[in-house]
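Engineer: I am sharing final-v6.cif, which consists of mmCIF, C-alpha atoms:
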data_work
loop_
_atom_site.label_atom_id
_atom_site.label_comp_id
_atom_site.auth_asym_id
_atom_site.auth_seq_id
_atom_site.Cartn_x
_atom_site.Cartn_y
_atom_site.Cartn_z
CA MET N 8 -5.45 5.72 1.94
CA LYS N 9 -1.10 4.64 4.07
CA LYS N 10 9.31 3.72 12.70
CA THR N 11 11.33 3.28 15.26
CA ILE N 12 13.65 2.33 17.63
CA LEU N 13 16.19 3.39 19.94
CA ALA N 14 19.29 4.48 18.31
CA ALA N 15 20.71 1.13 18.03
CA LEU N 16 20.67 -1.40 20.77
CA PRO N 17 24.28 -2.24 21.44
CA VAL N 18 25.04 -5.71 20.26
CA THR N 19 28.14 -6.92 22.05
CA LEU N 20 30.07 -9.61 20.32
CA ALA N 21 32.20 -11.91 22.42
CA LEU N 22 35.88 -11.36 21.85
CA LEU N 23 37.60 -14.31 20.32
CA GLY N 24 37.67 -17.06 22.87
CA THR N 25 36.81 -14.81 25.82
CA ALA N 26 33.74 -15.06 28.02
CA THR N 27 31.24 -12.24 28.03
CA SER N 28 30.14 -10.53 31.20
CA PRO N 29 26.63 -11.00 32.55
CA ALA N 30 25.86 -7.40 31.49
CA ALA N 31 27.09 -8.04 27.96
CA GLN N 32 25.13 -11.26 27.78
CA ALA N 33 22.02 -9.41 28.88
CA GLN N 34 22.54 -6.89 26.08
CA GLN N 35 22.88 -9.69 23.56
CA THR N 36 19.75 -11.50 24.70
CA ALA N 37 17.56 -8.45 25.42
CA LYS N 38 14.56 -8.21 23.17
CA LEU N 39 13.94 -5.24 20.96
CA LYS N 40 10.46 -3.84 21.48
CA ALA N 41 8.71 -2.59 18.37
CA CYS N 42 5.21 -1.13 18.54
CA PHE N 43 2.62 -0.51 15.85
CA ILE N 44 -0.20 2.03 15.58
CA TYR N 45 -3.08 1.08 13.27
CA VAL N 46 -5.79 3.36 11.91
CA GLY N 47 -8.34 0.55 11.73
CA PRO N 48 -9.20 -2.64 13.59
CA VAL N 49 -6.93 -5.64 13.01
CA GLY N 50 -9.95 -7.58 11.82
CA ASP N 51 -10.72 -5.21 8.95
CA ILE N 52 -9.38 -7.66 6.29
CA GLY N 53 -7.62 -4.72 4.64
CA TRP N 54 -4.80 -2.32 5.48
CA SER N 55 -4.58 -2.74 9.26
CA TYR N 56 -5.17 -6.48 9.02
CA ALA N 57 -2.29 -6.76 6.54
CA HIS N 58 0.06 -4.78 8.79
CA ASP N 59 -0.85 -6.93 11.77
CA GLU N 60 -0.36 -10.16 9.86
CA ALA N 61 3.08 -8.86 8.92
CA ARG N 62 3.78 -7.93 12.55
CA LYS N 63 3.07 -11.51 13.61
CA LYS N 64 5.20 -12.96 10.83
CA THR N 65 8.03 -10.59 11.71
CA GLU N 66 7.93 -11.48 15.39
CA LYS N 67 8.00 -15.17 14.48
CA ALA N 68 10.97 -14.67 12.16
CA LEU N 69 13.00 -12.61 14.65
CA PRO N 70 13.31 -14.38 18.03
CA TRP N 71 14.87 -11.29 19.61
CA LEU N 72 11.84 -9.16 18.79
CA GLU N 73 8.92 -8.23 21.04
CA THR N 74 5.91 -6.42 19.56
CA LYS N 75 2.80 -4.60 20.64
CA TYR N 76 0.05 -2.83 18.74
CA VAL N 77 -2.74 -0.32 19.24
CA GLU N 78 -5.65 -0.52 16.81
CA SER N 79 -8.40 1.85 15.65
CA VAL N 80 -6.50 5.08 16.29
CA PRO N 81 -8.17 7.93 14.36
CA GLU N 82 -5.94 10.00 12.12
CA GLY N 83 -4.87 13.15 13.94
CA GLN N 84 -5.05 11.42 17.31
CA ALA N 85 -1.77 9.51 17.33
CA THR N 86 0.16 11.76 19.74
CA PRO N 87 -1.20 10.45 23.07
CA VAL N 88 -0.83 6.89 21.80
CA ILE N 89 2.80 7.50 20.86
CA ASP N 90 3.44 9.07 24.28
CA ARG N 91 2.00 5.98 25.95
CA LEU N 92 4.07 3.59 23.85
CA VAL N 93 7.28 5.48 24.58
CA LYS N 94 6.54 5.22 28.31
CA ASP N 95 5.98 1.51 27.73
CA ASN N 96 9.58 1.24 26.53
CA CYS N 97 8.86 0.86 22.81
CA LYS N 98 12.16 1.49 21.07
CA VAL N 99 10.76 1.42 17.54
CA ILE N 100 7.34 2.79 16.68
CA PHE N 101 5.63 2.18 13.34
CA THR N 102 2.79 4.55 12.50
CA THR N 103 0.83 3.01 9.68
CA SER N 104 -1.45 5.60 8.11
CA PHE N 105 -0.90 8.72 6.00
CA GLY N 106 -2.78 10.90 8.48
CA PHE N 107 -0.28 10.05 11.24
CA MET N 108 2.62 11.67 9.37
CA ASP N 109 2.87 15.10 11.00
CA GLN N 110 2.28 13.77 14.51
CA THR N 111 4.95 11.13 13.95
CA LEU N 112 7.40 13.81 12.88
CA ASP N 113 6.58 15.85 15.99
CA ALA N 114 7.12 12.75 18.14
CA ALA N 115 10.46 12.04 16.48
CA LYS N 116 11.64 15.50 17.53
CA LYS N 117 10.22 15.03 21.02
CA TYR N 118 11.81 11.60 21.50
CA PRO N 119 15.23 11.68 19.79
CA ASN N 120 16.25 8.33 21.29
CA VAL N 121 13.34 6.43 19.78
CA ILE N 122 13.23 5.25 16.19
CA PHE N 123 10.09 6.00 14.20
CA ALA N 124 8.92 4.76 10.83
CA HIS N 125 5.89 6.09 9.00
CA ALA N 126 4.01 4.21 6.30
CA SER N 127 2.91 5.97 3.10
CA GLY N 128 4.30 9.41 3.92
CA PHE N 129 7.25 11.48 2.78
CA LYS N 130 8.49 13.43 5.83
CA ARG N 131 11.58 12.12 7.60
CA ALA N 132 14.01 13.02 10.38
CA PRO N 133 17.33 11.66 11.71
CA ASN N 134 15.35 9.15 13.79
CA MET N 135 12.35 8.80 11.47
CA ALA N 136 12.25 6.74 8.28
CA THR N 137 9.44 6.24 5.79
CA TYR N 138 8.26 3.11 4.03
CA MET N 139 5.72 2.00 1.50
CA ALA N 140 4.81 -1.21 -0.30
CA ASP N 141 3.04 0.49 -3.17
CA PHE N 142 0.41 -0.90 -5.51
CA TYR N 143 0.41 1.46 -8.46
CA GLN N 144 2.02 -1.11 -10.77
CA ILE N 145 -0.60 -3.68 -9.78
CA TYR N 146 -3.44 -1.20 -10.16
CA TYR N 147 -2.31 -0.66 -13.74
CA LEU N 148 -2.52 -4.40 -14.41
CA ASN N 149 -5.90 -4.64 -12.67
CA GLY N 150 -7.14 -1.69 -14.73
CA MET N 151 -6.22 -3.58 -17.89
CA MET N 152 -8.15 -6.62 -16.72
CA ALA N 153 -11.11 -4.54 -15.54
CA ALA N 154 -11.50 -2.99 -18.98
CA ALA N 155 -11.27 -6.43 -20.56
CA VAL N 156 -13.96 -8.09 -18.41
CA SER N 157 -16.35 -5.15 -18.06
CA LYS N 158 -19.46 -5.29 -20.24
CA THR N 159 -19.52 -1.49 -20.38
CA ASP N 160 -16.99 1.29 -20.91
CA LYS N 161 -17.56 2.38 -17.32
CA LEU N 162 -15.52 1.19 -14.34
CA GLY N 163 -16.05 2.14 -10.72
CA TYR N 164 -13.73 2.92 -7.82
CA VAL N 165 -14.79 3.17 -4.17
CA ALA N 166 -12.20 5.45 -2.60
CA ALA N 167 -11.35 6.37 0.98
CA PHE N 168 -9.63 9.78 1.07
CA PRO N 169 -8.21 11.95 -1.75
CA VAL N 170 -4.59 11.60 -0.62
CA PRO N 171 -1.66 11.22 -3.07
CA GLU N 172 -1.59 7.44 -2.60
CA LEU N 173 -5.15 7.03 -3.85
CA LYS N 174 -4.77 9.55 -6.65
CA ARG N 175 -1.84 7.61 -8.10
CA HIS N 176 -3.63 4.28 -7.63
CA ILE N 177 -6.83 5.52 -9.29
CA SER N 178 -4.77 7.06 -12.08
CA ALA N 179 -2.77 3.89 -12.62
CA PHE N 180 -6.01 1.90 -12.74
CA ALA N 181 -7.39 4.31 -15.37
CA LEU N 182 -4.17 4.24 -17.42
CA GLY N 183 -4.30 0.44 -17.51
CA ALA N 184 -7.96 0.42 -18.45
CA ARG N 185 -7.48 2.89 -21.29
CA ALA N 186 -4.53 0.91 -22.64
CA VAL N 187 -7.09 -1.83 -23.35
CA ASN N 188 -10.16 0.32 -24.04
CA PRO N 189 -9.44 3.98 -24.92
CA LYS N 190 -13.09 4.80 -24.16
CA ALA N 191 -12.91 3.46 -20.60
CA THR N 192 -13.75 5.78 -17.73
CA VAL N 193 -13.28 5.32 -14.00
CA SER N 194 -15.98 6.87 -11.83
CA VAL N 195 -14.77 7.60 -8.30
CA LYS N 196 -16.96 7.80 -5.23
CA TRP N 197 -15.29 9.04 -2.04
CA ILE N 198 -16.49 7.69 1.29
CA ASN N 199 -14.03 9.67 3.46
CA ALA N 200 -13.24 6.67 5.62
CA TRP N 201 -10.68 3.90 5.60
CA PHE N 202 -13.07 1.54 7.33
CA ASP N 203 -16.79 1.91 6.78
CA PRO N 204 -18.59 -1.13 5.34
CA ASN N 205 -21.93 0.67 5.11
CA LYS N 206 -20.57 3.57 3.09
CA ALA N 207 -18.54 1.17 0.94
CA ARG N 208 -21.66 -0.86 0.17
CA GLU N 209 -23.68 2.22 -0.71
CA ALA N 210 -20.92 3.54 -2.99
CA ALA N 211 -20.49 0.18 -4.73
CA GLU N 212 -24.22 -0.19 -5.32
CA SER N 213 -24.41 3.34 -6.67
CA LEU N 214 -21.54 2.76 -9.10
CA ILE N 215 -23.11 -0.46 -10.36
CA SER N 216 -26.47 1.27 -10.79
CA GLU N 217 -24.72 3.94 -12.85
CA GLY N 218 -23.36 1.29 -15.21
CA ALA N 219 -19.96 0.33 -13.85
CA GLY N 220 -19.01 -3.07 -15.24
CA ALA N 221 -16.16 -3.76 -12.80
CA LEU N 222 -15.12 -2.34 -9.43
CA ALA N 223 -11.88 -1.57 -7.61
CA PHE N 224 -11.61 0.08 -4.22
CA THR N 225 -9.66 1.34 -1.25
CA GLU N 226 -11.63 0.48 1.90
CA ASP N 227 -10.51 -1.99 4.50
CA THR N 228 -13.18 -4.68 4.26
CA ALA N 229 -14.37 -7.21 1.69
CA THR N 230 -17.67 -5.31 1.37
CA VAL N 231 -17.08 -4.09 -2.19
CA VAL N 232 -16.23 -7.54 -3.58
CA GLN N 233 -19.24 -9.03 -1.81
CA THR N 234 -21.57 -6.28 -3.03
CA ALA N 235 -20.27 -6.62 -6.58
CA ALA N 236 -20.67 -10.40 -6.51
CA ALA N 237 -24.27 -10.08 -5.38
CA ARG N 238 -24.87 -8.05 -8.56
CA LYS N 239 -22.74 -10.44 -10.67
CA ILE N 240 -20.12 -7.76 -11.30
CA PRO N 241 -16.38 -8.58 -11.37
CA SER N 242 -14.12 -6.86 -8.86
CA PHE N 243 -10.51 -6.56 -7.76
CA ALA N 244 -9.54 -7.28 -4.16
CA HIS N 245 -7.59 -4.85 -2.02
CA TYR N 246 -4.71 -5.46 0.39
CA SER N 247 -5.40 -9.02 1.39
CA PRO N 248 -6.61 -12.21 -0.34
CA MET N 249 -10.34 -11.80 -0.91
CA TYR N 250 -10.97 -14.66 -3.33
CA LYS N 251 -12.81 -16.60 -0.62
CA PHE N 252 -15.41 -13.84 -0.26
CA ALA N 253 -16.49 -13.98 -3.92
CA PRO N 254 -14.73 -16.85 -5.73
CA ASP N 255 -16.80 -16.41 -8.88
CA TYR N 256 -16.28 -12.66 -9.23
CA VAL N 257 -12.91 -11.63 -7.78
CA VAL N 258 -10.72 -11.44 -10.90
CA SER N 259 -7.47 -10.46 -9.20
CA GLY N 260 -6.30 -7.81 -6.78
CA GLN N 261 -3.34 -6.52 -4.87
CA ILE N 262 -1.78 -8.32 -1.92
CA VAL N 263 0.83 -6.83 0.39
CA HIS N 264 3.67 -8.46 2.31
CA TRP N 265 4.73 -5.79 4.80
CA GLU N 266 6.92 -8.31 6.62
CA LYS N 267 9.48 -7.96 3.82
CA ILE N 268 10.07 -4.40 4.98
CA TYR N 269 9.63 -4.96 8.71
CA ILE N 270 12.12 -7.82 8.88
CA ASP N 271 14.75 -5.90 6.93
CA PHE N 272 14.29 -2.65 8.84
CA LEU N 273 14.30 -4.20 12.31
CA THR N 274 17.25 -6.45 11.54
CA LYS N 275 19.26 -3.41 10.46
CA ILE N 276 18.34 -1.69 13.70
CA ARG N 277 19.42 -4.73 15.68
CA THR N 278 22.79 -4.86 13.92
CA GLY N 279 23.38 -1.12 14.22
CA THR N 280 23.07 -0.33 10.51
CA TYR N 281 20.16 1.97 11.30
CA ASN N 282 20.11 4.19 14.37
CA THR N 283 18.58 7.39 15.67
CA LYS N 284 21.02 9.54 13.72
CA ASN N 285 20.93 8.19 10.17
CA LEU N 286 17.33 7.68 9.03
CA GLN N 287 16.84 11.03 7.30
CA LYS N 288 17.23 9.45 3.86
CA VAL N 289 15.86 5.96 4.62
CA ASP N 290 12.77 5.48 2.48
CA TYR N 291 11.58 2.04 1.51
CA TRP N 292 9.68 2.29 -1.76
CA ASN N 293 8.90 -1.32 -2.56
CA LEU N 294 7.03 -2.34 -5.69
CA LEU N 295 6.57 -5.67 -7.46
CA ARG N 296 10.31 -6.23 -7.51
CA GLY N 297 11.34 -7.85 -4.25
CA GLY N 298 8.00 -9.41 -3.36
CA SER N 299 6.58 -6.79 -0.99
CA VAL N 300 3.48 -6.65 -3.16
CA GLU N 301 1.82 -9.34 -5.25
CA LEU N 302 -0.75 -9.39 -8.03
CA GLY N 303 -3.45 -11.79 -6.99
CA ALA N 304 -6.92 -12.84 -5.97
CA GLN N 305 -5.16 -14.83 -3.25
CA ASP N 306 -1.58 -15.85 -2.50
CA GLY N 307 -0.09 -17.62 -5.49
CA MET N 308 -3.14 -16.98 -7.70
CA ALA N 309 -2.30 -13.98 -9.88
CA ILE N 310 -5.58 -14.27 -11.79
CA ASN N 311 -8.71 -16.20 -10.90
CA PRO N 312 -8.76 -19.16 -13.36
CA LYS N 313 -12.46 -18.54 -14.00
CA TRP N 314 -11.59 -15.23 -15.67
CA VAL N 315 -8.56 -16.32 -17.69
CA PRO N 316 -10.63 -17.31 -20.79
CA ALA N 317 -12.23 -13.86 -20.93
CA LEU N 318 -8.82 -12.19 -20.68
CA LYS N 319 -7.43 -14.42 -23.39
CA ALA N 320 -10.41 -13.64 -25.62
CA LYS N 321 -9.83 -9.88 -25.42
CA SER N 322 -7.13 -8.54 -27.73
CA MET N 323 -5.17 -5.30 -27.74
CA THR N 324 -2.43 -3.75 -29.84
CA VAL N 325 1.03 -3.15 -28.39
CA ASN N 326 3.71 -1.53 -30.55
CA GLY N 327 1.76 -2.40 -33.67
CA LYS N 328 1.30 -6.04 -32.76
CA LYS N 329 -1.82 -7.81 -31.52
CA THR N 330 -1.75 -9.69 -28.25
CA THR N 331 -4.27 -10.82 -25.67
CA VAL N 332 -4.90 -8.87 -22.50
CA TYR N 333 -3.94 -11.96 -20.52
CA ASP N 334 -0.56 -12.25 -22.25
CA ARG N 335 0.12 -8.53 -21.92
CA VAL N 336 -0.73 -8.52 -18.20
CA MET N 337 1.51 -11.49 -17.52
CA ALA N 338 4.36 -10.05 -19.60
CA LEU N 339 4.23 -6.71 -17.77
CA LYS N 340 3.95 -8.46 -14.41
CA THR N 341 7.13 -10.40 -15.16
CA ASP N 342 8.91 -7.28 -16.40
CA MET N 343 8.07 -5.24 -13.33
CA GLU N 344 8.94 -8.08 -10.96
CA LYS N 345 12.41 -8.06 -12.51
CA GLY N 346 12.68 -4.28 -12.25
CA GLY N 347 12.43 -3.90 -16.02
CA LYS N 348 11.91 -0.79 -18.10
CA PHE N 349 8.12 -0.57 -18.05
CA ASP N 350 6.48 1.86 -15.64
CA PRO N 351 2.83 2.97 -15.75
CA PHE N 352 3.83 6.59 -15.12
CA THR N 353 6.14 6.96 -18.11
CA GLY N 354 5.55 10.17 -20.05
CA PRO N 355 4.10 11.83 -21.86
CA ILE N 356 1.21 11.93 -19.40
CA LYS N 357 -1.25 14.81 -19.15
CA ASP N 358 -3.72 15.21 -16.35
CA ARG N 359 -7.44 15.28 -17.05
CA ASN N 360 -7.28 19.06 -17.45
CA GLY N 361 -4.77 18.75 -20.28
CA ILE N 362 -1.71 19.85 -18.31
CA LEU N 363 1.50 17.93 -19.03
CA ARG N 364 2.57 16.25 -15.78
CA VAL N 365 5.17 13.72 -16.94
CA PRO N 366 7.25 14.75 -19.98
CA ALA N 367 7.91 12.33 -22.83
CA GLY N 368 10.62 9.82 -22.04
CA LYS N 369 10.55 10.60 -18.32
CA VAL N 370 9.23 8.47 -15.46
CA ALA N 371 7.50 10.09 -12.51
CA THR N 372 9.82 10.17 -9.52
CA VAL N 373 8.98 8.74 -6.12
CA ALA N 374 8.73 12.28 -4.75
CA GLU N 375 6.31 13.25 -7.52
CA LEU N 376 4.17 10.17 -6.90
CA ASN N 377 4.19 10.80 -3.15
CA ASN N 378 2.90 14.33 -3.70
CA MET N 379 0.53 13.55 -6.56
CA ALA N 380 -2.52 15.83 -6.54
CA TRP N 381 -3.74 15.41 -10.13
CA VAL N 382 -5.45 12.52 -11.87
CA VAL N 383 -5.29 11.26 -15.43
CA PRO N 384 -7.87 11.51 -18.23
CA GLY N 385 -10.68 9.02 -17.90
CA VAL N 386 -11.15 9.57 -14.17
CA THR N 387 -14.54 11.11 -13.48
CA GLY N 388 -15.98 12.62 -10.34
CA GLN N 389 -14.81 15.35 -8.00
CA ILE N 390 -11.20 15.25 -6.80
CA ALA N 391 -10.35 17.36 -3.76
CA ASP N 392 -7.29 19.63 -4.03
CA GLU N 393 -6.95 18.93 -7.75
CA PRO N 394 -4.58 21.52 -9.27
CA LYS N 395 -5.91 23.52 -12.21
CA LYS N 396 -2.49 24.49 -13.55
#
Starting from the coordinates I provided, produce the structure as structure tokens.
Structural biologist:
Amino acid sequence: MKKTILAALPVTLALLGTATSPAAQAQQTAKLKACFIYVGPVGDIGWSYAHDEARKKTEKALPWLETKYVESVPEGQATPVIDRLVKDNCKVIFTTSFGFMDQTLDAAKKYPNVIFAHASGFKRAPNMATYMADFYQIYYLNGMMAAAVSKTDKLGYVAAFPVPELKRHISAFALGARAVNPKATVSVKWINAWFDPNKAREAAESLISEGAGALAFTEDTATVVQTAAARKIPSFAHYSPMYKFAPDYVVSGQIVHWEKIYIDFLTKIRTGTYNTKNLQKVDYWNLLRGGSVELGAQDGMAINPKWVPALKAKSMTVNGKKTTVYDRVMALKTDMEKGGKFDPFTGPIKDRNGILRVPAGKVATVAELNNMAWVVPGVTGQIADEPKK
């Protein structure tokens, strides 16, 4: 649950009216080689698939760019792959899973003339940036809808690993659900894998058997939405459009557009804005504002039309006034897309052990979210490394 390139390729501009030398022309026309390391297969339909779709879109948008990728690299085994890519003249290397963080940092120190960028982490270096297109805002909205369409107070979540990213997503989902139904709970089953359809199916079936009336997940296939549909249970897609896999039961979901980050980052490398000396504080933290992430069952479909009536039929109270869940979801979506005042992690928020984590009037910082170990009330099941104080 989760950069770089040579300092900056010199871009020589022709002096006014003067001809450039063959060497200068070669510098101008040389392609920048950016390479990507994926934790799963590109055909997973989830995280790695989304990164690879973005890679292709980025390469198409930037004619001076050349790309390469290596798929299905287990976490903790990125070092030899990075070494190989550096030898292959990759000037920018994107490592796209949380478990690659420490090895990416080691590589950045080992190869100071290569630019690195790590997705979902928080450790940086002069030649290593971090980036994330994060879903916690969308998980809050999906939690609201899940509580509205579920026929029980129980919701289920099939989770990969208990890393900060998933803890904040599960918590945001629970916060949204309890805003609609204060009795809602979110039962979490960990499968300890980013890509494992069999474990995902078993976990989904178990949650449904235990009474979950709607499912969300972090696993890189469409298995959960298909399993839920077979049991006539609504679900929320993850990372890529999954409407086509269960058009009657996928209510909404979260869709990512990594190309928004890749195009910006690589263009700034090409122009010299970013180099191997100034990335220590470069951290893309992209939410609904800017379009890096999208609420939706598929592109352009924020909510499956088949479920709109149910969302409009369910009411909730906001600041003393009644509204429908549908209207509240759409209002918050618009607010967050504009970078408005609403944030799911606005205090006061206590964890499920009663410890105050976000004080009243405060909003959790990016650093706090990136290091989140606790979960909110309503989340049930064991949580590894959960702090007790």
Engineer: Give me the residues of segment 105-213 of chain N that have any atom at most 10 Å from an atom of segment 228-245 of chain N; for each, the nearest atom pair and the distance in Å, rounded to one decimal. Use all atoms listed in the file, sort by chain and number, and format it as a tab-separated table.
Structural biologist:
residue	atom	partner	partner_atom	distance
N:Phe142	CA	N:His245	CA	9.6
N:Tyr146	CA	N:Phe243	CA	9.2
N:Asn149	CA	N:Phe243	CA	7.0
N:Gly150	CA	N:Phe243	CA	9.1
N:Met152	CA	N:Phe243	CA	9.3
N:Ala153	CA	N:Ser242	CA	7.7
N:Val156	CA	N:Pro241	CA	7.5
N:Ser157	CA	N:Pro241	CA	7.5
N:Lys158	CA	N:Ile240	CA	9.3
N:Leu162	CA	N:Ser242	CA	9.8
N:Gly163	CA	N:Ser242	CA	9.4
N:Tyr164	CA	N:Val231	CA	9.6
N:Val165	CA	N:Val231	CA	7.9
N:Trp201	CA	N:Thr228	CA	9.0
N:Phe202	CA	N:Thr228	CA	6.9
N:Asp203	CA	N:Thr228	CA	7.9
N:Pro204	CA	N:Thr230	CA	5.8
N:Asn205	CA	N:Thr230	CA	8.2
N:Lys206	CA	N:Thr230	CA	9.5
N:Ala207	CA	N:Val231	CA	6.3
N:Arg208	CA	N:Val231	CA	6.1
N:Glu209	CA	N:Thr234	CA	9.1
N:Ala210	CA	N:Val231	CA	8.6
N:Ala211	CA	N:Val231	CA	6.0
N:Glu212	CA	N:Thr234	CA	7.0
Engineer: Using all atoms listed in the file, which residues sit within 12 Å of Val121 of chain N once same-chain residues fewer than 4 positions away are excluded, as JSON, numbers by chain?
Structural biologist: {"N": [10, 11, 12, 13, 14, 15, 16, 39, 40, 41, 42, 89, 90, 92, 93, 94, 95, 96, 97, 98, 99, 100, 101, 111, 112, 114, 115, 116, 117, 132, 133, 134, 135, 136, 276, 281, 282, 283, 284, 286]}
Engineer: Could you tell me how far atom CA of Gly128 of chain N lies from atom CA of Trp292 of chain N, in Å and to one decimal?
Structural biologist: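 Value for the atom CA of Gly128 of chain N-atom CA of Trp292 of chain N distance: 10.6 Å.
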Engineer: Just how far from atom CA of Gly183 of chain N is atom CA of Tyr256 of chain N, in Å to one decimal?
Structural biologist: 19.6 Å
Engineer: State, in Å with one decimal place, the distance from atom CA of Leu222 of chain N to atom CA of Phe252 of chain N.
Structural biologist: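 Calculated distance between atom CA of Leu222 of chain N and atom CA of Phe252 of chain N is 14.7 Å.
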